[in-house]
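Here is the structure we will look at.
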Amino acid sequence: MRIELEKRPDVSKLYAFVSPLLALVLTLAFGAIMFAMLGKDPVEALDAFFVEPLLEVWSLHELAIKAAPLILIAVGLAVCYRSNNWNIGAEGQFTIGAITGSYLPIVFYDWHSPLVLPLMLISGALGGALFAAIPALLKAHFNTNEILTSLMLVYIAQLFLDWLIRGAWRDPKGFNFPVSRDFAPEAVLPAIWEESGRAHWAFIFAIVAAIAVWFMLRYTLKGFEIVVLGQSDRAGRFAGFSSRKMIWFSFLFSGALAGLAGISEVSGSIGHLQPAISPGYGFTAIIVAFLGRLNPLGIIASGLVLALTYLGGEAAQLSLGVSDKVTRVFQGLLLFFVLSCDTLIYYKIRIVWSRLKGGAA
């Protein structure tokens, strides 16, 4: 006996729409079971995790802060994945974007100009794009597996950041703590509505990027090229499209958005460089992209949902005394159920009974 997956000839649009919702429901159900096994009241725990963070205005600002990098990174990843290029290294591109964007306020800390912040954002996007160019180069010209190369580069980026902060970029007035100088006011991303909370312009960047990419995918030739090459490389060649150029475009584009997310997070939320600048945004954004069906508008909604898991995890630690690892469990469950539901939508499960040689069943 063996189990096979047989591709369905037609995929129900209704099931495809319902699939992410079903994945959310299953995640909540299994999350409730998990809390019960931990000795916590499931209803109280889910309320603390998903409802309480939405009841205060300042908490909604924090939700926007956590959603901004997730949406920015996931929108870039959606372009990659729809073109059949598997960038798994957005966390590293996020980190390099934070480093390159922080060069001006750390090295030239005496320079006070309105140009500082725009140059920081451009440098962050360029840094992320150049770091993403490494797996693009290896795949386009050496046929190297981009999943492995982009993933391994994450560790290089993180160790490089740690080396910088503990060495050349460590604040000389920081009492030997591994942090950089605090950014000058000109280098801090301003808040959207400072009177009610500290959500900053990175959230606006994320929404604008999502809408712009949605328009590109739906109404432009480049969007058509992305879809065609993603579905069939051979069909793309017949249409005159270059898969090699698409590798470069998708990686550079997603790397630029990840780098922009990195410098926006450092400039808007943290105010300096430190060894840990991300709770795993680059990896969580993969879940965001698939939960949003690789649709930039859907990614806005899924980014808010995943941001809520971060915010709810922090609230649950305080009110319930559970580990911060609960957040990762929820994110892992969500990814598992999203992929499982999608598999059942696109494929039928067949059980094949084969006879052994000699007539034995």
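Chain labels run A, B, ... following the order of the structure tokens; each chain numbers its residues from 1, and ligands are numbered from 1 in the order shown.
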At a cut-off of 10 Å, using only C-alpha atoms, what residues contact stretch 32-37 of chain A? Leave out same-chain residues fewer than 5 positions from it and give the result as number ranges by chain. A: 26-27, 42-46, 322, 326, 329-330
Do a neighbour search on A:Phe94 at 8 Å with only C-alpha atoms, toss out local chain neighbours closer than 6 positions, and write the hits as a list in words.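 Using only C-alpha atoms, the neighbours found are Gly128, Gly255, Ala258, Gly259, Leu260, Ala261, Gly262, Ile263 and Gly282 of chain A.
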Pull N, CA and C atoms from the residues just selected and write them as an mmCIF file, in the first residue's frame.
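And here's again_10.cif as it stands now:
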```cif
data_model
loop_
_atom_site.group_PDB
_atom_site.id
_atom_site.type_symbol
_atom_site.label_atom_id
_atom_site.label_comp_id
_atom_site.auth_asym_id
_atom_site.auth_seq_id
_atom_site.Cartn_x
_atom_site.Cartn_y
_atom_site.Cartn_z
ATOM 1 N N GLY A 128 19.730 45.459 1.324
ATOM 2 C CA GLY A 128 18.945 44.227 1.244
ATOM 3 C C GLY A 128 18.953 43.645 -0.155
ATOM 4 N N GLY A 255 14.541 41.517 -1.824
ATOM 5 C CA GLY A 255 15.614 41.932 -0.930
ATOM 6 C C GLY A 255 15.530 43.401 -0.576
ATOM 7 N N ALA A 258 12.786 43.834 1.983
ATOM 8 C CA ALA A 258 13.239 43.328 3.282
ATOM 9 C C ALA A 258 14.240 44.288 3.916
ATOM 10 N N GLY A 259 15.154 44.835 3.108
ATOM 11 C CA GLY A 259 16.115 45.812 3.633
ATOM 12 C C GLY A 259 15.444 47.079 4.115
ATOM 13 N N LEU A 260 14.425 47.542 3.367
ATOM 14 C CA LEU A 260 13.657 48.713 3.798
ATOM 15 C C LEU A 260 12.958 48.432 5.123
ATOM 16 N N ALA A 261 12.420 47.216 5.263
ATOM 17 C CA ALA A 261 11.783 46.839 6.531
ATOM 18 C C ALA A 261 12.798 46.849 7.670
ATOM 19 N N GLY A 262 14.037 46.411 7.381
ATOM 20 C CA GLY A 262 15.063 46.358 8.418
ATOM 21 C C GLY A 262 15.449 47.728 8.944
ATOM 22 N N ILE A 263 15.731 48.655 8.041
ATOM 23 C CA ILE A 263 16.136 49.981 8.510
ATOM 24 C C ILE A 263 14.943 50.724 9.112
ATOM 25 N N GLY A 282 11.596 37.842 9.237
ATOM 26 C CA GLY A 282 11.858 37.330 7.898
ATOM 27 C C GLY A 282 11.308 35.941 7.679
#
```
Residues near A:Ala67, cut-off 7 Å, only C-alpha atoms, skip fewer than 3 positions along chain, as a list of chain:residue names: A:Leu63, A:Ala64, A:Leu70, A:Ile71, A:Gly303, A:Leu304, A:Ala307
Compile the contact shell of A:Asn87 as a VMD selection string: residues with an atom at most 10 Å away, counting only C-alpha atoms, same-chain residues fewer than 3 positions apart removed. chain A and resid 76 to 81 84 90 132 135 to 136 146 to 151 250 to 251 254 to 255 286
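Shell of A:Ser264 at 8 Å, with only C-alpha atoms counted and residues fewer than 3 places along the chain excluded, is Ala98, Leu121, Leu189, Ala202, Leu260, Ala261, Ser267, Gly268 and Ser269 of chain A.
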Any chance you could export the current selection's all heavy atoms as a compact mmCIF listing (two decimals), in the first residue's frame?
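Resulting contents of result_18.txt:
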```
# COMPACT_ATOMS: atom_id res chain seq x y z
N ALA A 98 19.21 46.77 7.75
CA ALA A 98 19.35 47.54 8.98
C ALA A 98 20.78 48.04 9.15
O ALA A 98 21.01 49.18 9.60
CB ALA A 98 18.94 46.68 10.18
N LEU A 121 16.99 55.23 4.36
CA LEU A 121 16.00 54.32 3.79
C LEU A 121 16.48 53.76 2.45
O LEU A 121 16.34 52.56 2.18
CB LEU A 121 14.66 55.04 3.63
CG LEU A 121 14.01 55.55 4.91
CD1 LEU A 121 12.74 56.32 4.61
CD2 LEU A 121 13.70 54.40 5.87
N LEU A 189 12.62 57.54 12.27
CA LEU A 189 11.41 57.54 11.46
C LEU A 189 10.26 58.09 12.30
O LEU A 189 9.98 57.58 13.38
CB LEU A 189 11.10 56.10 11.02
CG LEU A 189 10.21 55.91 9.80
CD1 LEU A 189 10.83 56.54 8.55
CD2 LEU A 189 9.97 54.41 9.57
N ALA A 202 6.65 53.25 8.78
CA ALA A 202 6.90 51.95 8.14
C ALA A 202 5.59 51.27 7.78
O ALA A 202 5.50 50.55 6.77
CB ALA A 202 7.73 51.06 9.06
N LEU A 260 14.42 47.54 3.37
CA LEU A 260 13.66 48.71 3.80
C LEU A 260 12.96 48.43 5.12
O LEU A 260 12.91 49.30 6.01
CB LEU A 260 12.64 49.09 2.72
CG LEU A 260 11.71 50.27 3.04
CD1 LEU A 260 12.52 51.55 3.26
CD2 LEU A 260 10.69 50.46 1.93
N ALA A 261 12.42 47.22 5.26
CA ALA A 261 11.78 46.84 6.53
C ALA A 261 12.80 46.85 7.67
O ALA A 261 12.50 47.27 8.79
CB ALA A 261 11.14 45.46 6.41
N SER A 267 15.18 52.25 12.78
CA SER A 267 15.03 53.69 12.91
C SER A 267 13.75 54.08 13.63
O SER A 267 13.74 55.01 14.43
CB SER A 267 15.05 54.33 11.51
OG SER A 267 14.75 55.70 11.58
N GLY A 268 12.65 53.36 13.36
CA GLY A 268 11.37 53.76 13.92
C GLY A 268 11.05 53.18 15.27
O GLY A 268 10.44 53.84 16.11
N SER A 269 11.46 51.92 15.52
CA SER A 269 11.05 51.23 16.73
C SER A 269 12.15 51.13 17.79
O SER A 269 11.86 51.15 18.99
CB SER A 269 10.57 49.80 16.39
OG SER A 269 9.52 49.84 15.46
```
Do a neighbour search on A:Phe238 at 12 Å with only C-alpha atoms, toss out local chain neighbours closer than 6 positions, and write the hits as a PyMOL selection string. chain A and resi 225+228-229+232
Just want the 7 Å neighbourhood of stretch 332-345 of chain A, counted on only C-alpha atoms, with same-chain residues fewer than 6 positions away dropped. Output as JSON, numbers by chain. {"A": [11, 15, 16, 19, 20, 23, 24, 27, 287, 291]}
Taking only C-alpha atoms into account, name the residue in A:Ala168, A:Val352, A:Met120, A:Ala256 that is nearest to A:Ser180.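 Between A:Ala168, A:Val352, A:Met120, A:Ala256, the residue approaching A:Ser180 most closely is A:Ala168.
The interatomic distance for the pair atom CA of A:Ile156 and atom CA of A:Arg328 works out to 22.8 Å.
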Between atom CA of A:Ile299 and atom CA of A:Val227, what is the spacing in Å?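 If I compute the distance from atom CA of A:Val227 to atom CA of A:Ile299, I get 17.3 Å.
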Quick one: distance from atom CA of A:Lys348 to atom CA of A:Glu4 in Å, one decimal?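 The value is 8.2 Å.
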May I ask which of the residues A:Leu294, A:Ala315, A:Ile96, A:Ala187 is the closest one to A:Tyr155, counting only C-alpha atoms?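 Nearest to A:Tyr155: A:Ile96.
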